[in-house]
Amino acid sequence: MVSRLSLENVSYSYPLQGTGMALRGISLDARPGEVLCVAGSNGSGKSTLAQVCAGLLAPTSGSVLYDGKPVGSRVRLRKLHRKVGLLFQSPEDQLFADTVRKDIEFGPRNQGLRGDELAGRVDEASTLVGLSLEETGGRSPFSLSEGEKRRVALAGVLAMSPEVLVLDEPFIGLDRDGREHLIGALSSYLNRKLATVIVVTHDLSGTWPLADRFALLSEGRLLVIESKADLMSGEADMLALGVQLPQWGVLARELLHAGIALEDPSDPSCLAKALARRREVEDGR
Amino acid sequence: MAGRGITIGQYLAVDTPLNRTDPRLKLSAVVAGVILVFLYSTGRELLVFGVLLLVTLLATRLPLLPVLKSLKTVWVIVLVTFLLQAFLTPGEVMWHRGFLSVTDTGLSNGVMLSARVVLLVILLAALTMTTAPLDLADGLQSLLLPLNYLKVPVSQVTTVVSITLMFIPGILEQSHKLVKAQMARGADFESANLIRRVKDIVPVLVPLFVKVFHDADDLAVAMDARVYNGGRNRTRLYPLEIRLLEKVLTLAFISAAVAIKFVL
């Protein structure tokens, strides 16, 4: 399948900071309809990578390609902003309007939408993230809880109907309900559009059920791009990079090592069923 | 992009002799430089001081590019200063068109004032780039200590100054983040349309103020929680120390700058 967004040997260093290269020779591709998780510890270059993917930082060297075409000039970078949506790590960096509705409208308005089309986009995005505009639409986004702020920020990005969605640490500060809501919203969005989702995170537990492929980032270098099964068999390397498998991932790995077949290792309910089957077999003996 | 490239007021963590120099000496040299820049009365004096400053900065191996980049922030002020002086100062007319006329006195005043602004910016940029905000506040407090005898709350004042300085890079960084967040949602900060650009700045200012007030509130609570109690009897964890070589070199710089005034 043709890549939607590709990075070819991308390096980036922040000007005037004297901190060396934040990204070193990164090459990766994200395909339509897939969820790519980029995991790494603090300071590994995840947020820089997210901003390069969204066209907010131009690489110091290397190139970014969208649908196979290089995105080099400023004009093309601006066009990329309309196709790639970025959810920032902190919703406070993104929210600004005096009401939630106006905040969600900001992106599509910049895309030139007005009237019914604009209202339709805003309603659709709010529904996707589980936000009731009747209740919160007239409130200030800064008066909302952390989870609600994150939903408004995500709705603001989804309302632009991006083909690629880049999420920077989307699960930080969310409780279990918040995580489930977010995963649900992302699944719905993926089902409605053949979107590409890139999640950068240090915590795999939120992304685990959704992700198709995983890339590990360390000190600005992309080390591996692997499937869940590959990750589960090589956890020792991940720990060295400051990334840990989610608990059910560890359990799934142990079950697989014990020779128990799993239909879907990423689904906790599968693990429970496999354990129940195992118990039945042992009781039968 | 808004805020990008503003280097004045930002500390540059590089290892140069100027970075290692005691903040009190740097402050004294800058204060002397600022006073002398206003005392110099001829273009030649300003030019020689400019050369002295440049040589000093080169000798200390400070990267000159960020220092010169700080001039980008004030070029409008320099230009307006020059034009106002050139067009509005009475004197012998050198050029005339319609109601506009440039005089010789205006031109020379314009050049002198612009040169003064440029030198002041370079002096201040060199100070802030080579001195961490807390060191700067420590140096200021130490120099102002005698005012304690006049019942001036030096410690509290310098704490306010140091916190303000500490917030500057944070505010700049936050404004960068906000600009990026708005750009990601289609805002155009590089448009040729001035009205559009001004309109796009508003969404940056609102969350910036919210964040700054929030951070200031958090900091006040955190300082309270750690029983902060400013006052003249506070002791220092890392006392400032001046080395002999630093003292001699700073004195040499100030003496050379003073000599320009009286020798040339």
# chains A, B, ... in the order shown; residues from 1 in each chain; ligands from 1

$ residues_around --residues "B:Val48" --least-positions-apart "6" --cutoff "12 Å" --atoms "only C-alpha atoms" --output "list of chain:residue names"
B:Val37, B:Tyr40, B:Thr42, B:Leu54, B:Val55, B:Ala115, B:Leu119, B:Ala256, B:Ala257, B:Val258, B:Ala259, B:Ile260, B:Lys261, B:Val263, B:Leu264

$ closest_atom_pairs --of "chain A" --to "chain B" --cutoff "7 Å" --atoms "only C-alpha atoms" --output "JSON lines"
{"residue": "A:Leu56", "atom": "CA", "partner": "B:Lys180", "partner_atom": "CA", "distance": 6.3}
{"residue": "A:His81", "atom": "CA", "partner": "B:Ala184", "partner_atom": "CA", "distance": 5.2}
{"residue": "A:Arg82", "atom": "CA", "partner": "B:Gly186", "partner_atom": "CA", "distance": 6.3}
{"residue": "A:Gly85", "atom": "CA", "partner": "B:Ala184", "partner_atom": "CA", "distance": 6.4}
{"residue": "A:Leu86", "atom": "CA", "partner": "B:Ala184", "partner_atom": "CA", "distance": 6.3}
{"residue": "A:Asp93", "atom": "CA", "partner": "B:Leu178", "partner_atom": "CA", "distance": 5.3}
{"residue": "A:Gln94", "atom": "CA", "partner": "B:Ala181", "partner_atom": "CA", "distance": 5.4}
{"residue": "A:Leu95", "atom": "CA", "partner": "B:Pro207", "partner_atom": "CA", "distance": 6.9}
{"residue": "A:Phe96", "atom": "CA", "partner": "B:Pro207", "partner_atom": "CA", "distance": 5.2}
{"residue": "A:Ala97", "atom": "CA", "partner": "B:Pro203", "partner_atom": "CA", "distance": 6.9}
{"residue": "A:Gly107", "atom": "CA", "partner": "B:Arg185", "partner_atom": "CA", "distance": 4.6}
{"residue": "A:Asn110", "atom": "CA", "partner": "B:Gly186", "partner_atom": "CA", "distance": 5.3}
{"residue": "A:Gln111", "atom": "CA", "partner": "B:Gly186", "partner_atom": "CA", "distance": 6.7}
{"residue": "A:Val157", "atom": "CA", "partner": "B:Arg185", "partner_atom": "CA", "distance": 6.9}

$ residues_around --residues "B:Met166" --least-positions-apart "4" --cutoff "8 Å" --atoms "only C-alpha atoms" --output "list in words"
Pro133, Leu134, Ser162 and Gly170 of chain B

$ atom_distance --atom1 "atom CA of A:Ser44" --atom2 "atom CA of A:Gly220"
5.4 Å

$ residues_around --residues "B:Leu219" --least-positions-apart "6" --cutoff "10 Å" --atoms "only C-alpha atoms" --output "PyMOL selection string"
chain B and resi 163+213+225

$ atom_distance --atom1 "atom CA of A:Arg78" --atom2 "atom CA of A:Ala50"
15.7 Å

$ select_by_dssp --residues "stretch 212-258 of chain A" --states "strand (DSSP E)" --output "ChimeraX atom specification"
/A:213-218,221-226

$ residues_around --residues "stretch 191-206 of chain A" --least-positions-apart "4" --cutoff "6 Å" --atoms "only C-alpha atoms" --output "ChimeraX atom specification"
/A:32-41,46,163-169,246

$ closest_residue --among "B:Trp95, B:Leu194, B:Leu143, B:Asp138" --to "B:Pro239" --atoms "only C-alpha atoms"
B:Asp138

$ decode --residues "stretch 15-154 of chain B" --atoms "C-alpha atoms" --output "PDB file, in the first residue's frame"
ATOM      1  CA  ASP B  15      30.587  27.605  28.004  1.00  0.00           C
ATOM      2  CA  THR B  16      32.398  30.899  27.482  1.00  0.00           C
ATOM      3  CA  PRO B  17      34.583  32.933  29.859  1.00  0.00           C
ATOM      4  CA  LEU B  18      31.795  35.557  29.863  1.00  0.00           C
ATOM      5  CA  ASN B  19      29.272  32.955  31.041  1.00  0.00           C
ATOM      6  CA  ARG B  20      31.590  32.036  33.913  1.00  0.00           C
ATOM      7  CA  THR B  21      32.282  35.653  34.935  1.00  0.00           C
ATOM      8  CA  ASP B  22      30.709  36.850  38.192  1.00  0.00           C
ATOM      9  CA  PRO B  23      27.320  38.510  37.496  1.00  0.00           C
ATOM     10  CA  ARG B  24      28.213  41.551  39.631  1.00  0.00           C
ATOM     11  CA  LEU B  25      31.186  42.324  37.374  1.00  0.00           C
ATOM     12  CA  LYS B  26      29.097  41.892  34.224  1.00  0.00           C
ATOM     13  CA  LEU B  27      26.348  44.104  35.654  1.00  0.00           C
ATOM     14  CA  SER B  28      28.897  46.777  36.621  1.00  0.00           C
ATOM     15  CA  ALA B  29      30.475  46.698  33.142  1.00  0.00           C
ATOM     16  CA  VAL B  30      27.071  46.936  31.448  1.00  0.00           C
ATOM     17  CA  VAL B  31      25.901  49.794  33.685  1.00  0.00           C
ATOM     18  CA  ALA B  32      29.177  51.643  32.957  1.00  0.00           C
ATOM     19  CA  GLY B  33      28.744  50.914  29.234  1.00  0.00           C
ATOM     20  CA  VAL B  34      25.133  52.182  29.219  1.00  0.00           C
ATOM     21  CA  ILE B  35      26.100  55.425  30.977  1.00  0.00           C
ATOM     22  CA  LEU B  36      29.091  55.982  28.665  1.00  0.00           C
ATOM     23  CA  VAL B  37      27.044  55.300  25.512  1.00  0.00           C
ATOM     24  CA  PHE B  38      24.913  58.295  26.503  1.00  0.00           C
ATOM     25  CA  LEU B  39      27.944  60.391  27.477  1.00  0.00           C
ATOM     26  CA  TYR B  40      29.791  59.866  24.179  1.00  0.00           C
ATOM     27  CA  SER B  41      29.147  62.966  22.100  1.00  0.00           C
ATOM     28  CA  THR B  42      30.771  62.137  18.753  1.00  0.00           C
ATOM     29  CA  GLY B  43      30.252  59.408  16.181  1.00  0.00           C
ATOM     30  CA  ARG B  44      33.943  58.503  16.456  1.00  0.00           C
ATOM     31  CA  GLU B  45      33.621  57.782  20.199  1.00  0.00           C
ATOM     32  CA  LEU B  46      30.588  55.559  19.575  1.00  0.00           C
ATOM     33  CA  LEU B  47      32.378  53.777  16.738  1.00  0.00           C
ATOM     34  CA  VAL B  48      35.491  53.072  18.836  1.00  0.00           C
ATOM     35  CA  PHE B  49      33.302  51.835  21.715  1.00  0.00           C
ATOM     36  CA  GLY B  50      31.478  49.577  19.225  1.00  0.00           C
ATOM     37  CA  VAL B  51      34.817  48.134  18.115  1.00  0.00           C
ATOM     38  CA  LEU B  52      35.900  47.667  21.748  1.00  0.00           C
ATOM     39  CA  LEU B  53      32.639  45.854  22.497  1.00  0.00           C
ATOM     40  CA  LEU B  54      32.955  43.651  19.432  1.00  0.00           C
ATOM     41  CA  VAL B  55      36.568  42.750  20.211  1.00  0.00           C
ATOM     42  CA  THR B  56      35.633  41.952  23.825  1.00  0.00           C
ATOM     43  CA  LEU B  57      32.786  39.677  22.727  1.00  0.00           C
ATOM     44  CA  LEU B  58      35.012  37.971  20.138  1.00  0.00           C
ATOM     45  CA  ALA B  59      37.768  37.503  22.727  1.00  0.00           C
ATOM     46  CA  THR B  60      35.314  35.799  25.076  1.00  0.00           C
ATOM     47  CA  ARG B  61      34.298  33.387  22.255  1.00  0.00           C
ATOM     48  CA  LEU B  62      30.611  34.282  22.659  1.00  0.00           C
ATOM     49  CA  PRO B  63      28.687  33.224  19.505  1.00  0.00           C
ATOM     50  CA  LEU B  64      28.080  36.587  17.824  1.00  0.00           C
ATOM     51  CA  LEU B  65      25.167  35.517  15.647  1.00  0.00           C
ATOM     52  CA  PRO B  66      22.577  35.293  18.481  1.00  0.00           C
ATOM     53  CA  VAL B  67      23.842  38.638  19.858  1.00  0.00           C
ATOM     54  CA  LEU B  68      23.423  40.327  16.476  1.00  0.00           C
ATOM     55  CA  LYS B  69      20.086  38.559  15.952  1.00  0.00           C
ATOM     56  CA  SER B  70      18.755  40.404  18.979  1.00  0.00           C
ATOM     57  CA  LEU B  71      18.943  43.562  16.832  1.00  0.00           C
ATOM     58  CA  LYS B  72      16.155  42.086  14.710  1.00  0.00           C
ATOM     59  CA  THR B  73      13.803  42.729  17.623  1.00  0.00           C
ATOM     60  CA  VAL B  74      14.512  46.471  17.678  1.00  0.00           C
ATOM     61  CA  TRP B  75      15.110  47.369  14.039  1.00  0.00           C
ATOM     62  CA  VAL B  76      11.737  49.163  13.855  1.00  0.00           C
ATOM     63  CA  ILE B  77      12.665  51.297  16.878  1.00  0.00           C
ATOM     64  CA  VAL B  78      16.063  52.087  15.308  1.00  0.00           C
ATOM     65  CA  LEU B  79      14.452  53.019  11.988  1.00  0.00           C
ATOM     66  CA  VAL B  80      11.719  55.189  13.566  1.00  0.00           C
ATOM     67  CA  THR B  81      14.312  56.904  15.792  1.00  0.00           C
ATOM     68  CA  PHE B  82      16.496  57.650  12.773  1.00  0.00           C
ATOM     69  CA  LEU B  83      13.632  58.936  10.609  1.00  0.00           C
ATOM     70  CA  LEU B  84      12.134  61.125  13.351  1.00  0.00           C
ATOM     71  CA  GLN B  85      15.527  62.701  14.038  1.00  0.00           C
ATOM     72  CA  ALA B  86      16.397  63.119  10.357  1.00  0.00           C
ATOM     73  CA  PHE B  87      13.096  64.750   9.375  1.00  0.00           C
ATOM     74  CA  LEU B  88      12.107  66.706  12.489  1.00  0.00           C
ATOM     75  CA  THR B  89      15.378  68.264  13.705  1.00  0.00           C
ATOM     76  CA  PRO B  90      15.949  71.845  12.557  1.00  0.00           C
ATOM     77  CA  GLY B  91      19.228  72.630  10.786  1.00  0.00           C
ATOM     78  CA  GLU B  92      20.738  73.169   7.359  1.00  0.00           C
ATOM     79  CA  VAL B  93      18.493  71.513   4.753  1.00  0.00           C
ATOM     80  CA  MET B  94      20.296  68.801   2.730  1.00  0.00           C
ATOM     81  CA  TRP B  95      17.316  67.300   0.900  1.00  0.00           C
ATOM     82  CA  HIS B  96      13.811  68.640   0.356  1.00  0.00           C
ATOM     83  CA  ARG B  97      10.669  67.294  -1.268  1.00  0.00           C
ATOM     84  CA  GLY B  98       7.135  68.596  -0.552  1.00  0.00           C
ATOM     85  CA  PHE B  99       6.754  69.108   3.180  1.00  0.00           C
ATOM     86  CA  LEU B 100       9.612  66.703   3.941  1.00  0.00           C
ATOM     87  CA  SER B 101      13.159  67.931   4.504  1.00  0.00           C
ATOM     88  CA  VAL B 102      16.266  66.285   5.900  1.00  0.00           C
ATOM     89  CA  THR B 103      18.723  68.469   7.793  1.00  0.00           C
ATOM     90  CA  ASP B 104      22.421  67.885   8.482  1.00  0.00           C
ATOM     91  CA  THR B 105      21.864  68.082  12.260  1.00  0.00           C
ATOM     92  CA  GLY B 106      18.904  65.709  11.951  1.00  0.00           C
ATOM     93  CA  LEU B 107      20.943  63.223   9.971  1.00  0.00           C
ATOM     94  CA  SER B 108      23.850  63.276  12.405  1.00  0.00           C
ATOM     95  CA  ASN B 109      21.481  63.075  15.442  1.00  0.00           C
ATOM     96  CA  GLY B 110      19.645  60.194  13.763  1.00  0.00           C
ATOM     97  CA  VAL B 111      22.865  58.257  13.199  1.00  0.00           C
ATOM     98  CA  MET B 112      24.062  58.946  16.761  1.00  0.00           C
ATOM     99  CA  LEU B 113      20.775  57.926  18.411  1.00  0.00           C
ATOM    100  CA  SER B 114      20.424  54.812  16.239  1.00  0.00           C
ATOM    101  CA  ALA B 115      24.007  53.805  17.050  1.00  0.00           C
ATOM    102  CA  ARG B 116      23.274  54.310  20.754  1.00  0.00           C
ATOM    103  CA  VAL B 117      20.185  52.048  20.577  1.00  0.00           C
ATOM    104  CA  VAL B 118      22.177  49.374  18.693  1.00  0.00           C
ATOM    105  CA  LEU B 119      25.024  49.462  21.242  1.00  0.00           C
ATOM    106  CA  LEU B 120      22.603  49.328  24.182  1.00  0.00           C
ATOM    107  CA  VAL B 121      20.835  46.298  22.698  1.00  0.00           C
ATOM    108  CA  ILE B 122      24.154  44.507  22.096  1.00  0.00           C
ATOM    109  CA  LEU B 123      25.285  45.287  25.671  1.00  0.00           C
ATOM    110  CA  LEU B 124      22.035  44.020  27.193  1.00  0.00           C
ATOM    111  CA  ALA B 125      21.869  40.993  24.891  1.00  0.00           C
ATOM    112  CA  ALA B 126      25.444  40.031  25.827  1.00  0.00           C
ATOM    113  CA  LEU B 127      24.520  40.337  29.525  1.00  0.00           C
ATOM    114  CA  THR B 128      21.280  38.329  29.390  1.00  0.00           C
ATOM    115  CA  MET B 129      22.717  35.701  27.042  1.00  0.00           C
ATOM    116  CA  THR B 130      25.676  34.976  29.279  1.00  0.00           C
ATOM    117  CA  THR B 131      24.001  35.286  32.682  1.00  0.00           C
ATOM    118  CA  ALA B 132      21.314  32.915  33.914  1.00  0.00           C
ATOM    119  CA  PRO B 133      18.291  34.831  35.289  1.00  0.00           C
ATOM    120  CA  LEU B 134      18.885  33.684  38.853  1.00  0.00           C
ATOM    121  CA  ASP B 135      22.582  34.670  38.703  1.00  0.00           C
ATOM    122  CA  LEU B 136      21.532  38.046  37.365  1.00  0.00           C
ATOM    123  CA  ALA B 137      19.116  38.524  40.257  1.00  0.00           C
ATOM    124  CA  ASP B 138      21.790  37.377  42.739  1.00  0.00           C
ATOM    125  CA  GLY B 139      24.244  39.878  41.273  1.00  0.00           C
ATOM    126  CA  LEU B 140      21.655  42.642  41.388  1.00  0.00           C
ATOM    127  CA  GLN B 141      20.792  41.847  44.987  1.00  0.00           C
ATOM    128  CA  SER B 142      24.423  41.857  45.976  1.00  0.00           C
ATOM    129  CA  LEU B 143      25.080  45.211  44.290  1.00  0.00           C
ATOM    130  CA  LEU B 144      21.955  46.791  45.787  1.00  0.00           C
ATOM    131  CA  LEU B 145      22.617  45.454  49.300  1.00  0.00           C
ATOM    132  CA  PRO B 146      23.749  48.838  50.686  1.00  0.00           C
ATOM    133  CA  LEU B 147      20.199  50.124  50.043  1.00  0.00           C
ATOM    134  CA  ASN B 148      19.053  47.870  52.909  1.00  0.00           C
ATOM    135  CA  TYR B 149      20.384  50.551  55.251  1.00  0.00           C
ATOM    136  CA  LEU B 150      17.879  52.965  53.706  1.00  0.00           C
ATOM    137  CA  LYS B 151      15.097  50.423  54.500  1.00  0.00           C
ATOM    138  CA  VAL B 152      14.690  49.460  50.837  1.00  0.00           C
ATOM    139  CA  PRO B 153      13.404  45.826  50.690  1.00  0.00           C
ATOM    140  CA  VAL B 154      16.254  44.739  48.355  1.00  0.00           C
TER     141      VAL B 154
END
